[in-house]
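**Student:** Pasting input08.txt here (compact mmCIF, C-alpha atoms):
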# COMPACT_ATOMS: atom_id res chain seq x y z
CA MET A 9 0.00 0.00 0.00
CA ARG A 10 2.89 2.36 0.90
CA PHE A 11 4.46 1.57 -2.52
CA VAL A 12 1.21 2.30 -4.36
CA ALA A 13 0.72 5.53 -2.41
CA SER A 14 4.30 6.62 -3.07
CA ARG A 15 3.93 5.82 -6.73
CA SER A 16 0.67 7.80 -6.91
CA ILE A 17 2.36 10.75 -5.24
CA ALA A 18 5.28 10.55 -7.68
CA VAL A 19 2.92 10.48 -10.65
CA ALA A 20 0.98 13.43 -9.25
CA VAL A 21 4.16 15.42 -8.65
CA ALA A 22 5.43 14.61 -12.16
CA GLY A 23 2.10 15.65 -13.61
CA ALA A 24 2.16 18.89 -11.69
CA LEU A 25 5.72 19.58 -12.81
CA PHE A 26 4.81 18.83 -16.43
CA GLY A 27 1.79 21.13 -16.15
CA CYS A 28 3.99 23.89 -14.75
CA PHE A 29 6.51 23.33 -17.55
CA ALA A 30 3.78 23.45 -20.20
CA ALA A 31 2.32 26.58 -18.70
CA SER A 32 5.71 28.27 -18.44
CA HIS A 33 6.50 27.21 -22.02
CA ALA A 34 3.25 28.72 -23.27
CA ALA A 35 3.95 31.88 -21.28
CA ALA A 36 7.46 31.98 -22.71
CA GLN A 37 5.97 32.32 -26.18
CA GLY A 38 4.79 35.77 -25.13
CA THR A 39 2.11 37.99 -26.58
CA VAL A 40 1.48 40.36 -29.47
CA ASN A 41 -0.78 43.41 -29.32
CA ALA A 42 -2.74 43.80 -32.54
CA LEU A 43 -5.38 46.02 -34.07
CA CYS A 44 -7.51 44.60 -36.88
CA SER A 45 -9.79 46.52 -39.26
CA THR A 46 -11.13 43.82 -41.57
CA ASP A 47 -14.24 41.71 -40.91
CA THR A 48 -14.58 40.69 -37.27
CA GLY A 49 -14.80 36.98 -38.14
CA TRP A 50 -11.47 37.08 -39.98
CA CYS A 51 -9.83 39.04 -37.16
CA GLU A 52 -10.93 36.55 -34.53
CA ALA A 53 -10.24 33.41 -36.56
CA ALA A 54 -6.74 34.55 -37.53
CA ALA A 55 -5.80 35.40 -33.95
CA ALA A 56 -7.07 32.05 -32.66
CA GLU A 57 -5.36 30.01 -35.38
CA PHE A 58 -2.04 31.83 -34.99
CA THR A 59 -2.09 31.20 -31.24
CA ARG A 60 -2.77 27.50 -31.83
CA ALA A 61 0.09 27.32 -34.33
CA THR A 62 2.70 29.24 -32.33
CA GLY A 63 1.65 29.50 -28.69
CA ILE A 64 1.85 33.29 -28.96
CA ARG A 65 -1.15 34.96 -27.35
CA VAL A 66 -2.79 37.61 -29.55
CA LEU A 67 -4.32 40.54 -27.67
CA GLN A 68 -6.37 42.06 -30.47
CA ALA A 69 -9.06 44.72 -30.83
CA HIS A 70 -11.29 45.36 -33.82
CA LYS A 71 -11.83 48.96 -34.96
CA GLY A 72 -12.32 50.99 -38.14
CA THR A 73 -9.21 52.24 -39.90
CA GLY A 74 -10.04 55.88 -39.21
CA GLU A 75 -10.36 55.16 -35.49
CA ILE A 76 -7.10 53.22 -35.44
CA GLY A 77 -5.24 56.00 -37.23
CA ALA A 78 -6.41 58.42 -34.52
CA GLN A 79 -5.46 55.95 -31.78
CA LEU A 80 -1.93 55.47 -33.11
CA ARG A 81 -1.44 59.23 -33.27
CA ALA A 82 -2.64 59.59 -29.68
CA GLU A 83 -0.32 56.79 -28.50
CA ALA A 84 2.72 57.83 -30.55
CA ALA A 85 4.81 58.75 -27.51
CA ASN A 86 3.96 55.47 -25.76
CA PRO A 87 2.84 52.85 -28.33
CA LYS A 88 0.55 50.12 -27.03
CA THR A 89 0.13 48.34 -30.37
CA ASP A 90 2.61 46.06 -32.16
CA ILE A 91 0.86 45.35 -35.46
CA TRP A 92 -2.11 46.69 -37.43
CA TRP A 93 -3.70 44.70 -40.22
CA GLY A 94 -6.75 44.66 -42.48
CA GLY A 95 -8.93 47.54 -43.61
CA THR A 96 -8.52 50.10 -46.37
CA GLY A 97 -4.95 51.10 -47.17
CA ASP A 98 -5.27 54.91 -47.29
CA PRO A 99 -5.19 55.36 -43.48
CA PHE A 100 -2.15 53.04 -43.36
CA LEU A 101 -0.33 55.27 -45.85
CA GLN A 102 -1.27 58.32 -43.80
CA ALA A 103 0.11 56.67 -40.65
CA ALA A 104 3.34 55.89 -42.53
CA GLU A 105 3.61 59.51 -43.64
CA GLN A 106 3.19 60.62 -40.02
CA GLY A 107 6.03 58.39 -38.81
CA LEU A 108 3.81 55.98 -36.86
CA LEU A 109 4.92 52.77 -38.58
CA ASP A 110 8.13 50.76 -38.92
CA ALA A 111 9.64 49.65 -42.23
CA TYR A 112 9.56 45.92 -42.99
CA ARG A 113 10.16 44.29 -46.37
CA PRO A 114 9.49 40.55 -46.12
CA ALA A 115 11.82 37.97 -47.62
CA TYR A 116 8.85 36.43 -49.50
CA ILE A 117 8.07 39.63 -51.44
CA ASN A 118 8.17 37.72 -54.74
CA ASP A 119 5.28 35.55 -53.53
CA LEU A 120 3.00 38.61 -53.59
CA TYR A 121 1.01 40.18 -56.42
CA ASP A 122 2.34 43.36 -58.02
CA TRP A 123 -0.40 45.54 -56.46
CA SER A 124 0.76 44.40 -53.04
CA VAL A 125 4.42 45.02 -53.80
CA ARG A 126 3.62 48.55 -55.03
CA GLN A 127 2.30 49.43 -51.59
CA TYR A 128 5.69 48.55 -50.08
CA ALA A 129 7.47 50.71 -52.66
CA MET A 130 5.08 53.63 -52.21
CA SER A 131 5.38 53.67 -48.42
CA GLY A 132 9.10 53.04 -47.94
CA ASN A 133 8.25 49.44 -46.93
CA MET A 134 6.08 50.62 -44.04
CA VAL A 135 2.79 49.35 -45.53
CA GLY A 136 2.18 46.07 -47.32
CA GLY A 137 -0.76 45.24 -49.56
CA PHE A 138 -2.79 42.61 -47.69
CA TYR A 139 -5.77 42.08 -50.03
CA THR A 140 -7.77 43.95 -52.66
CA SER A 141 -11.46 44.44 -53.49
CA ALA A 142 -13.69 46.75 -55.53
CA MET A 143 -16.17 49.34 -54.30
CA GLY A 144 -19.81 48.95 -55.25
CA PHE A 145 -23.20 48.46 -53.69
CA GLY A 146 -25.45 45.65 -52.62
CA PHE A 147 -29.21 45.50 -52.31
CA ASN A 148 -31.90 43.31 -50.80
CA THR A 149 -33.99 42.01 -53.68
CA ASP A 150 -36.98 41.19 -51.46
CA VAL A 151 -37.09 44.71 -50.01
CA LEU A 152 -36.87 46.29 -53.47
CA LYS A 153 -39.66 44.07 -54.79
CA LYS A 154 -41.87 44.85 -51.81
CA LYS A 155 -41.36 48.58 -52.36
CA LYS A 156 -41.65 48.23 -56.16
CA LEU A 157 -38.19 49.72 -56.69
CA PRO A 158 -35.88 48.79 -59.60
CA GLU A 159 -32.46 47.27 -58.98
CA PRO A 160 -29.70 49.92 -59.13
CA HIS A 161 -26.70 49.27 -61.37
CA CYS A 162 -24.97 52.66 -61.66
CA TRP A 163 -23.87 55.49 -59.39
CA ALA A 164 -26.46 57.62 -61.21
CA ASP A 165 -29.24 55.31 -60.03
CA LEU A 166 -28.59 55.85 -56.32
CA VAL A 167 -29.47 59.56 -56.42
CA LYS A 168 -32.87 59.05 -58.06
CA PRO A 169 -35.78 60.37 -55.92
CA GLU A 170 -37.39 56.94 -55.55
CA TYR A 171 -34.46 55.78 -53.41
CA LYS A 172 -34.91 58.47 -50.75
CA GLY A 173 -34.27 56.91 -47.33
CA GLU A 174 -33.19 53.61 -48.87
CA VAL A 175 -29.37 54.00 -48.97
CA GLU A 176 -26.77 53.44 -46.24
CA MET A 177 -23.00 54.03 -46.28
CA SER A 178 -20.25 54.54 -43.74
CA HIS A 179 -18.94 57.83 -42.38
CA PRO A 180 -15.69 58.88 -44.11
CA GLY A 181 -14.36 60.39 -40.89
CA THR A 182 -14.37 57.09 -38.99
CA SER A 183 -14.36 54.51 -41.77
CA GLY A 184 -11.69 53.87 -44.36
CA THR A 185 -14.45 52.46 -46.56
CA GLY A 186 -16.36 55.73 -46.33
CA TYR A 187 -13.26 57.71 -47.24
CA THR A 188 -12.54 55.40 -50.19
CA ILE A 189 -16.06 56.05 -51.51
CA VAL A 190 -15.52 59.82 -51.39
CA ALA A 191 -11.97 59.71 -52.79
CA GLY A 192 -12.99 57.27 -55.51
CA LEU A 193 -15.90 59.44 -56.67
CA VAL A 194 -13.63 62.51 -56.73
CA GLN A 195 -11.24 60.65 -59.02
CA LEU A 196 -14.05 59.23 -61.17
CA MET A 197 -16.06 62.44 -61.63
CA GLY A 198 -13.78 65.33 -60.75
CA GLU A 199 -14.03 67.01 -57.35
CA GLU A 200 -16.78 69.56 -57.99
CA GLN A 201 -19.06 67.09 -59.78
CA ALA A 202 -18.35 64.45 -57.11
CA PHE A 203 -19.43 66.78 -54.30
CA ASP A 204 -22.57 67.72 -56.20
CA TYR A 205 -23.25 64.00 -56.49
CA LEU A 206 -22.54 63.37 -52.78
CA LYS A 207 -25.03 66.10 -51.81
CA LYS A 208 -27.70 64.37 -53.88
CA LEU A 209 -26.77 60.99 -52.43
CA HIS A 210 -27.01 62.49 -48.93
CA ARG A 211 -30.71 63.20 -49.50
CA ASN A 212 -31.29 59.50 -50.13
CA THR A 213 -29.03 58.26 -47.32
CA ILE A 214 -30.77 57.09 -44.18
CA ALA A 215 -27.63 56.62 -42.05
CA TYR A 216 -23.83 56.86 -41.96
CA THR A 217 -22.36 54.03 -39.90
CA ARG A 218 -19.04 54.14 -38.04
CA SER A 219 -17.75 51.09 -39.90
CA GLY A 220 -17.89 50.06 -43.54
CA GLN A 221 -18.62 46.49 -42.48
CA ALA A 222 -22.17 47.31 -41.36
CA GLN A 223 -23.76 47.66 -44.79
CA ALA A 224 -23.70 44.00 -45.89
CA PRO A 225 -25.44 42.53 -42.81
CA ASN A 226 -27.89 45.44 -42.67
CA VAL A 227 -28.86 44.86 -46.31
CA ALA A 228 -29.02 41.08 -45.90
CA LYS A 229 -31.35 41.35 -42.90
CA GLY A 230 -33.62 43.84 -44.70
CA GLU A 231 -32.83 46.70 -42.33
CA VAL A 232 -31.92 48.86 -45.32
CA ALA A 233 -32.56 48.34 -49.04
CA ILE A 234 -29.19 49.44 -50.48
CA GLY A 235 -25.72 49.62 -48.98
CA VAL A 236 -22.62 51.23 -50.48
CA SER A 237 -19.45 49.35 -49.55
CA PHE A 238 -16.99 46.80 -50.95
CA ILE A 239 -18.81 44.20 -53.02
CA PHE A 240 -17.10 41.17 -51.48
CA GLY A 241 -19.01 41.78 -48.23
CA PHE A 242 -22.39 41.41 -49.90
CA ASP A 243 -21.35 38.23 -51.70
CA LYS A 244 -20.74 36.49 -48.40
CA TRP A 245 -24.42 36.93 -47.49
CA ARG A 246 -25.53 35.93 -50.98
CA PHE A 247 -23.68 32.64 -50.62
CA ASP A 248 -25.43 32.20 -47.27
CA LYS A 249 -28.77 32.25 -49.16
CA TYR A 250 -29.87 35.76 -48.22
CA PRO A 251 -31.77 37.78 -50.90
CA VAL A 252 -28.76 39.93 -51.72
CA LYS A 253 -27.16 41.04 -54.98
CA ALA A 254 -23.96 43.05 -55.42
CA VAL A 255 -22.91 45.17 -58.39
CA ALA A 256 -19.91 47.19 -59.49
CA PRO A 257 -21.22 50.57 -60.77
CA CYS A 258 -21.50 50.83 -64.54
CA GLU A 259 -19.58 54.14 -64.73
CA GLY A 260 -16.51 52.70 -63.00
CA THR A 261 -15.44 52.50 -59.38
CA GLY A 262 -12.64 52.77 -56.89
CA TYR A 263 -11.03 49.91 -55.04
CA GLU A 264 -8.98 49.24 -51.97
CA ILE A 265 -5.69 47.62 -51.18
CA GLY A 266 -6.00 46.52 -47.59
CA GLY A 267 -2.99 47.25 -45.42
CA ILE A 268 -0.69 45.52 -42.97
CA ALA A 269 2.02 47.23 -40.94
CA LEU A 270 4.27 47.08 -37.90
CA VAL A 271 3.77 49.92 -35.43
CA LYS A 272 6.80 52.06 -34.59
CA GLY A 273 8.02 51.45 -31.06
CA ALA A 274 6.31 48.05 -30.79
CA ARG A 275 6.97 46.39 -27.44
CA ASN A 276 6.75 42.87 -28.89
CA LYS A 277 8.35 43.39 -32.28
CA ALA A 278 9.68 39.85 -32.77
CA ASN A 279 6.23 38.36 -32.16
CA ALA A 280 4.64 41.08 -34.30
CA ILE A 281 6.87 40.04 -37.22
CA ARG A 282 5.88 36.40 -36.69
CA TYR A 283 2.20 37.34 -36.76
CA TYR A 284 2.76 39.54 -39.84
CA ASP A 285 4.55 36.77 -41.74
CA TRP A 286 1.90 34.24 -40.79
CA LEU A 287 -0.93 36.55 -41.90
CA MET A 288 0.77 36.99 -45.28
CA SER A 289 1.40 33.26 -45.71
CA PRO A 290 -1.01 30.95 -47.57
CA ALA A 291 -2.28 29.66 -44.21
CA GLY A 292 -3.04 33.14 -42.92
CA GLN A 293 -4.43 34.48 -46.18
CA ALA A 294 -6.78 31.52 -46.57
CA ILE A 295 -8.39 32.24 -43.19
CA GLY A 296 -10.29 35.16 -44.74
CA ALA A 297 -12.46 33.10 -47.06
CA LYS A 298 -12.94 30.43 -44.39
CA ALA A 299 -14.35 33.17 -42.16
CA GLY A 300 -16.56 34.49 -44.96
CA SER A 301 -14.36 37.46 -45.98
CA LEU A 302 -14.06 37.22 -49.75
CA GLN A 303 -11.36 39.76 -50.62
CA SER A 304 -8.69 38.82 -53.18
CA PRO A 305 -5.57 37.78 -51.22
CA ALA A 306 -2.09 39.22 -51.78
CA ASN A 307 -0.21 35.91 -51.71
CA LYS A 308 -0.24 34.31 -55.16
CA THR A 309 1.29 30.94 -54.20
CA PHE A 310 -1.99 29.21 -53.33
CA LYS A 311 -5.38 28.71 -54.97
CA PRO A 312 -7.90 31.19 -53.53
CA ASP A 313 -11.47 30.34 -52.61
CA PRO A 314 -13.62 30.13 -55.78
CA ARG A 315 -16.34 32.26 -54.12
CA ILE A 316 -14.10 35.34 -54.19
CA PRO A 317 -15.65 37.73 -56.75
CA SER A 318 -13.58 38.33 -59.85
CA MET A 319 -12.66 41.90 -60.71
CA ALA A 320 -11.98 41.02 -64.36
CA ASP A 321 -15.17 42.71 -65.60
CA VAL A 322 -15.14 45.62 -63.13
CA ARG A 323 -14.34 49.06 -64.55
CA LEU A 324 -11.71 50.15 -62.06
CA ILE A 325 -10.52 53.73 -61.95
CA LYS A 326 -6.80 54.46 -61.81
CA TYR A 327 -6.87 55.06 -58.07
CA ASP A 328 -4.11 57.42 -56.93
CA PHE A 329 -3.11 55.82 -53.64
CA GLU A 330 -0.14 58.15 -53.23
CA LYS A 331 -2.20 61.36 -53.41
CA TYR A 332 -5.30 60.19 -51.57
CA GLY A 333 -3.26 58.28 -49.03
CA LYS A 334 -1.75 61.51 -47.70
CA ALA A 335 -3.03 62.81 -44.37
CA VAL A 336 -3.49 66.38 -45.62
CA GLU A 337 -5.64 65.25 -48.57
CA ARG A 338 -7.76 62.98 -46.38
CA LYS A 339 -8.27 65.78 -43.86
CA ARG A 340 -9.21 68.25 -46.57
CA LEU A 341 -11.75 65.97 -48.26
CA ILE A 342 -13.37 64.86 -44.99
CA GLU A 343 -13.65 68.46 -43.78
CA ARG A 344 -15.24 69.47 -47.07
CA TRP A 345 -17.62 66.50 -46.91
CA THR A 346 -18.58 67.37 -43.32
CA ARG A 347 -19.09 71.03 -44.17
CA GLU A 348 -20.91 70.68 -47.47
CA VAL A 349 -22.61 67.26 -47.34
CA GLU A 350 -23.20 65.95 -43.82
CA SER A 351 -24.43 69.32 -42.54
CA GLN A 352 -27.26 69.44 -45.09
CA ALA A 353 -30.81 68.51 -44.11
CA ARG A 354 -32.23 65.29 -45.53
Using the file provided, produce a representation of the structure as structure tokens.
**Tutor:**
Amino acid sequence: MRFVASRSIAVAVAGALFGCFAASHAAAQGTVNALCSTDTGWCEAAAAEFTRATGIRVLQAHKGTGEIGAQLRAEAANPKTDIWWGGTGDPFLQAAEQGLLDAYRPAYINDLYDWSVRQYAMSGNMVGGFYTSAMGFGFNTDVLKKKKLPEPHCWADLVKPEYKGEVEMSHPGTSGTGYTIVAGLVQLMGEEQAFDYLKKLHRNTIAYTRSGQAQAPNVAKGEVAIGVSFIFGFDKWRFDKYPVKAVAPCEGTGYEIGGIALVKGARNKANAIRYYDWLMSPAGQAIGAKAGSLQSPANKTFKPDPRIPSMADVRLIKYDFEKYGKAVERKRLIERWTREVESQAR
């Protein structure tokens, strides 16, 4: 009996020691502080999968790109973030211009599409191109039928009187998506004509959301008839059997190159680089589609999800990321939009 008891004690002690070792080993992997601006599902799934693969704990918050840009500026003297990824690229380029990001040119640069590589070149290697997608709008076919409204296919359609109170988009001051809409229309139409258009669109707009990710679920659930955002978001709900269609405007449209960057002064830089490299790898890039985010990935070494919408037939404008990615231009356009568009009665 004494032998059995001693053996049981030895096993228990060994188990406890192994548990302590495992716990200390996991702790030794450390943490990484991240901010993510793409779809919440992708943010959460990527963080969880990376932790399972590496043991590194990801402390991650989800916010719009405009909000994160403001946060990084506020924390510049004492950075609390190591890496920022996902969301429209213009605010990333503005953060690079303001000295808030660290340069990093990955060894696997040749595995990335040219549009991704151009972001590195444009930003002094402070911003990478993470994914791309085209701007457009989605609509709930059941809602339109119920209200006897035609399906819109062009920017010109959205400002027609019959769509009053039926359109939703995001606020350009808090959302990178909202800013991309404004900047894209300025480049498509010319600034004066674009602002005349935005004033007309304002009359038909029922709400401006803080995030550009709100439009797709709001349209899918019938809370609003038409949403202006990136078309990939609407396709996710269409594949989930909701009465949703998405279109790229007939006149042409802007597009985004989602960003990824290391934050200057990161406290956990080594782990931030590991998370960055993993996010840009086939494993990390494939998480998006698995989570229902159907942007076109930057890494060209794997076969992307067939549900990702092709941009082959989309009339893309020649988006000037360098000009419209500058902080002074963003500030100027948002201030003009606030003064001339948002302030108007609807």
**Student:** Quick one: which stretch 260-342 of chain A residues come within 12 Å of stretch 231-238 of chain A, and what is the nearest atom pair for each with the distance in Å to one decimal, counting only C-alpha atoms, rows ordered by chain and ascending number, as a Markdown table?
**Tutor:**
| residue | atom | partner | partner_atom | distance |
| --- | --- | --- | --- | --- |
| A:Thr261 | CA | A:Phe238 | CA | 10.3 |
| A:Gly262 | CA | A:Phe238 | CA | 9.5 |
| A:Tyr263 | CA | A:Phe238 | CA | 7.9 |
| A:Glu264 | CA | A:Phe238 | CA | 8.4 |
| A:Ile265 | CA | A:Phe238 | CA | 11.3 |
| A:Gly266 | CA | A:Phe238 | CA | 11.5 |
| A:Ser301 | CA | A:Phe238 | CA | 10.9 |
| A:Leu302 | CA | A:Phe238 | CA | 10.1 |
| A:Gln303 | CA | A:Phe238 | CA | 9.0 |
| A:Ser304 | CA | A:Phe238 | CA | 11.7 |
| A:Pro317 | CA | A:Phe238 | CA | 10.8 |
| A:Met319 | CA | A:Phe238 | CA | 11.7 |
**Student:** Give me, please, the distance in Å between atom CA of A:Ala84 and atom CA of A:Ala269, quoted to one decimal.
**Tutor:** 14.9 Å
**Student:** Grab the atom CA of A:Phe240 to atom CA of A:Ser141 distance for me, in Å with one decimal place.
**Tutor:**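 Going from atom CA of A:Phe240 over to atom CA of A:Ser141, I get 6.8 Å.
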**Student:** Atom CA of A:Lys311 and atom CA of A:Asp119, how far apart in Å?
**Tutor:** 12.7 Å
**Student:** Using all atoms listed in the file, which of the listed residues (A:Val190, A:Val322, A:Ala111, A:Ala78) sits closest to A:Ser131?
**Tutor:**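 Smallest distance to A:Ser131 is found for A:Ala111.
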**Student:** Looking at A:Arg60, A:Arg347, A:Lys272, A:Lys244, which one is nearest to A:Lys207, with distances taken over only C-alpha atoms?
**Tutor:** A:Arg347
**Student:** Under the rule of at most 10 Å, produce a per-residue listing of stretch 243-273 of chain A near stretch 34-54 of chain A: chain, number, name, the closest pair of atoms, and the distance in Å, as a tab-separated table, using all atoms listed in the file.
**Tutor:**
residue	atom	partner	partner_atom	distance
A:Gly266	CA	A:Thr46	CA	8.4
A:Gly267	CA	A:Ser45	CA	9.2
A:Ile268	CA	A:Cys44	CA	9.2
A:Leu270	CA	A:Ala42	CA	9.4
A:Val271	CA	A:Ala42	CA	9.4
**Student:** Taking C-alpha atoms for each residue, export the selection above as a short mmCIF file (atom, residue, chain, number, x, y, z; two decimals), in the coordinates of the input.
**Tutor:**
data_model
loop_
_atom_site.label_atom_id
_atom_site.label_comp_id
_atom_site.auth_asym_id
_atom_site.auth_seq_id
_atom_site.Cartn_x
_atom_site.Cartn_y
_atom_site.Cartn_z
CA GLY A 266 -6.00 46.52 -47.59
CA GLY A 267 -2.99 47.25 -45.42
CA ILE A 268 -0.69 45.52 -42.97
CA LEU A 270 4.27 47.08 -37.90
CA VAL A 271 3.77 49.92 -35.43
#
**Student:** Skipping near chain neighbours, those fewer than 2 positions away, what residues fall within 9 Å of A:Ala104 using all atoms listed in the file, listed as a PDB file with C-alpha atoms, in the coordinates of the input?
**Tutor:**
ATOM      1  CA  PRO A  99      -5.190  55.360 -43.480  1.00  0.00           C
ATOM      2  CA  PHE A 100      -2.150  53.040 -43.360  1.00  0.00           C
ATOM      3  CA  LEU A 101      -0.330  55.270 -45.850  1.00  0.00           C
ATOM      4  CA  GLN A 102      -1.270  58.320 -43.800  1.00  0.00           C
ATOM      5  CA  GLN A 106       3.190  60.620 -40.020  1.00  0.00           C
ATOM      6  CA  GLY A 107       6.030  58.390 -38.810  1.00  0.00           C
ATOM      7  CA  LEU A 108       3.810  55.980 -36.860  1.00  0.00           C
ATOM      8  CA  LEU A 109       4.920  52.770 -38.580  1.00  0.00           C
ATOM      9  CA  ASP A 110       8.130  50.760 -38.920  1.00  0.00           C
ATOM     10  CA  ALA A 111       9.640  49.650 -42.230  1.00  0.00           C
ATOM     11  CA  SER A 131       5.380  53.670 -48.420  1.00  0.00           C
ATOM     12  CA  GLY A 132       9.100  53.040 -47.940  1.00  0.00           C
ATOM     13  CA  MET A 134       6.080  50.620 -44.040  1.00  0.00           C
ATOM     14  CA  VAL A 135       2.790  49.350 -45.530  1.00  0.00           C
ATOM     15  CA  ALA A 269       2.020  47.230 -40.940  1.00  0.00           C
TER      16      ALA A 269
END
**Student:** Taking into account all atoms listed in the file, which residue in the set A:Trp163, A:Phe58, A:Trp92, A:Phe310 is nearest to A:Met143?
**Tutor:**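 Closest to A:Met143, using all atoms listed in the file: A:Trp163.
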**Student:** Set the distance at 7 Å and use only C-alpha atoms: which residues neighbour A:Tyr216 once local chain neighbours fewer than 6 positions away are removed? I'd like the list as a PDB file with C-alpha atoms, in the frame of the given file.
**Tutor:**
ATOM      1  CA  GLU A 176     -26.770  53.440 -46.240  1.00  0.00           C
ATOM      2  CA  MET A 177     -23.000  54.030 -46.280  1.00  0.00           C
ATOM      3  CA  SER A 178     -20.250  54.540 -43.740  1.00  0.00           C
ATOM      4  CA  HIS A 179     -18.940  57.830 -42.380  1.00  0.00           C
TER       5      HIS A 179
END
**Student:** With all atoms listed in the file as the basis for distance, which of A:Val336, A:Pro257, A:Tyr112, A:Asp204 is at the shortest distance from A:Ala164?
**Tutor:**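 Counting all atoms listed in the file, the residue closest to A:Ala164 is A:Pro257.
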**Student:** Using all atoms listed in the file, which of A:Ile64, A:Leu196, A:Ala297, A:Val252 sits nearest A:Ala278?
**Tutor:**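 Closest to A:Ala278 of all the choices is A:Ile64.
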**Student:** Report as a PyMOL selection string all protein, DNA and RNA residues lying within 10 Å of A:Asn212, evaluated on all atoms listed in the file, omitting residues in the same chain fewer than 4 positions from it.
**Tutor:** chain A and resi 166-176+206-208+354
**Student:** Please save C-alpha atoms of the selected residues as a PDB file, keeping the file's coordinate frame.
**Tutor:**
ATOM      1  CA  LEU A 166     -28.590  55.850 -56.320  1.00  0.00           C
ATOM      2  CA  VAL A 167     -29.470  59.560 -56.420  1.00  0.00           C
ATOM      3  CA  LYS A 168     -32.870  59.050 -58.060  1.00  0.00           C
ATOM      4  CA  PRO A 169     -35.780  60.370 -55.920  1.00  0.00           C
ATOM      5  CA  GLU A 170     -37.390  56.940 -55.550  1.00  0.00           C
ATOM      6  CA  TYR A 171     -34.460  55.780 -53.410  1.00  0.00           C
ATOM      7  CA  LYS A 172     -34.910  58.470 -50.750  1.00  0.00           C
ATOM      8  CA  GLY A 173     -34.270  56.910 -47.330  1.00  0.00           C
ATOM      9  CA  GLU A 174     -33.190  53.610 -48.870  1.00  0.00           C
ATOM     10  CA  VAL A 175     -29.370  54.000 -48.970  1.00  0.00           C
ATOM     11  CA  GLU A 176     -26.770  53.440 -46.240  1.00  0.00           C
ATOM     12  CA  LEU A 206     -22.540  63.370 -52.780  1.00  0.00           C
ATOM     13  CA  LYS A 207     -25.030  66.100 -51.810  1.00  0.00           C
ATOM     14  CA  LYS A 208     -27.700  64.370 -53.880  1.00  0.00           C
ATOM     15  CA  ARG A 354     -32.230  65.290 -45.530  1.00  0.00           C
TER      16      ARG A 354
END
**Student:** Would you mind telling me which residue in A:Asn307, A:Thr89, A:Ser124, A:Asn148 lies nearest to A:Trp245 when using all atoms listed in the file?
**Tutor:** A:Asn148
**Student:** Excluding same-chain residues fewer than 6 positions from A:Trp345, what lies within 12 Å of it counting all atoms listed in the file, as a list in words?
**Tutor:**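 Answer for this query is His179, Pro180, Gly181, Gly186, Tyr187, Ile189, Val190, Ala191, Val194, Glu199, Glu200, Ala202, Phe203, Asp204, Tyr205, Leu206, Lys207, His210, Arg338, Lys339, Ser351 and Gln352 of chain A.
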**Student:** Rebuild stretch 323-331 of chain A to N, CA, C and O atoms - output it as a PDB file, in the frame of the given file, please.
**Tutor:**
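New file rebuild_31.pdb:
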ATOM      1  N   ARG A 323     -15.014  47.882 -64.000  1.00  0.00           N
ATOM      2  CA  ARG A 323     -14.340  49.060 -64.550  1.00  0.00           C
ATOM      3  C   ARG A 323     -13.680  49.835 -63.405  1.00  0.00           C
ATOM      4  O   ARG A 323     -14.300  50.679 -62.755  1.00  0.00           O
ATOM      5  N   LEU A 324     -12.436  49.511 -63.166  1.00  0.00           N
ATOM      6  CA  LEU A 324     -11.710  50.150 -62.060  1.00  0.00           C
ATOM      7  C   LEU A 324     -11.094  51.460 -62.517  1.00  0.00           C
ATOM      8  O   LEU A 324     -10.522  51.548 -63.608  1.00  0.00           O
ATOM      9  N   ILE A 325     -11.205  52.472 -61.667  1.00  0.00           N
ATOM     10  CA  ILE A 325     -10.520  53.730 -61.950  1.00  0.00           C
ATOM     11  C   ILE A 325      -9.025  53.545 -61.667  1.00  0.00           C
ATOM     12  O   ILE A 325      -8.617  52.569 -61.032  1.00  0.00           O
ATOM     13  N   LYS A 326      -8.217  54.470 -62.138  1.00  0.00           N
ATOM     14  CA  LYS A 326      -6.800  54.460 -61.810  1.00  0.00           C
ATOM     15  C   LYS A 326      -6.639  55.191 -60.483  1.00  0.00           C
ATOM     16  O   LYS A 326      -6.361  56.383 -60.428  1.00  0.00           O
ATOM     17  N   TYR A 327      -6.838  54.461 -59.405  1.00  0.00           N
ATOM     18  CA  TYR A 327      -6.870  55.060 -58.070  1.00  0.00           C
ATOM     19  C   TYR A 327      -5.475  55.549 -57.682  1.00  0.00           C
ATOM     20  O   TYR A 327      -4.508  54.795 -57.714  1.00  0.00           O
ATOM     21  N   ASP A 328      -5.388  56.806 -57.304  1.00  0.00           N
ATOM     22  CA  ASP A 328      -4.110  57.420 -56.930  1.00  0.00           C
ATOM     23  C   ASP A 328      -3.889  57.254 -55.431  1.00  0.00           C
ATOM     24  O   ASP A 328      -4.226  58.126 -54.626  1.00  0.00           O
ATOM     25  N   PHE A 329      -3.320  56.112 -55.056  1.00  0.00           N
ATOM     26  CA  PHE A 329      -3.110  55.820 -53.640  1.00  0.00           C
ATOM     27  C   PHE A 329      -2.116  56.790 -53.002  1.00  0.00           C
ATOM     28  O   PHE A 329      -2.226  57.108 -51.820  1.00  0.00           O
ATOM     29  N   GLU A 330      -1.145  57.245 -53.785  1.00  0.00           N
ATOM     30  CA  GLU A 330      -0.140  58.150 -53.230  1.00  0.00           C
ATOM     31  C   GLU A 330      -0.775  59.482 -52.824  1.00  0.00           C
ATOM     32  O   GLU A 330      -0.564  59.973 -51.715  1.00  0.00           O
ATOM     33  N   LYS A 331      -1.572  60.067 -53.712  1.00  0.00           N
ATOM     34  CA  LYS A 331      -2.200  61.360 -53.410  1.00  0.00           C
ATOM     35  C   LYS A 331      -3.262  61.233 -52.323  1.00  0.00           C
ATOM     36  O   LYS A 331      -3.261  61.981 -51.331  1.00  0.00           O
TER      37      LYS A 331
END
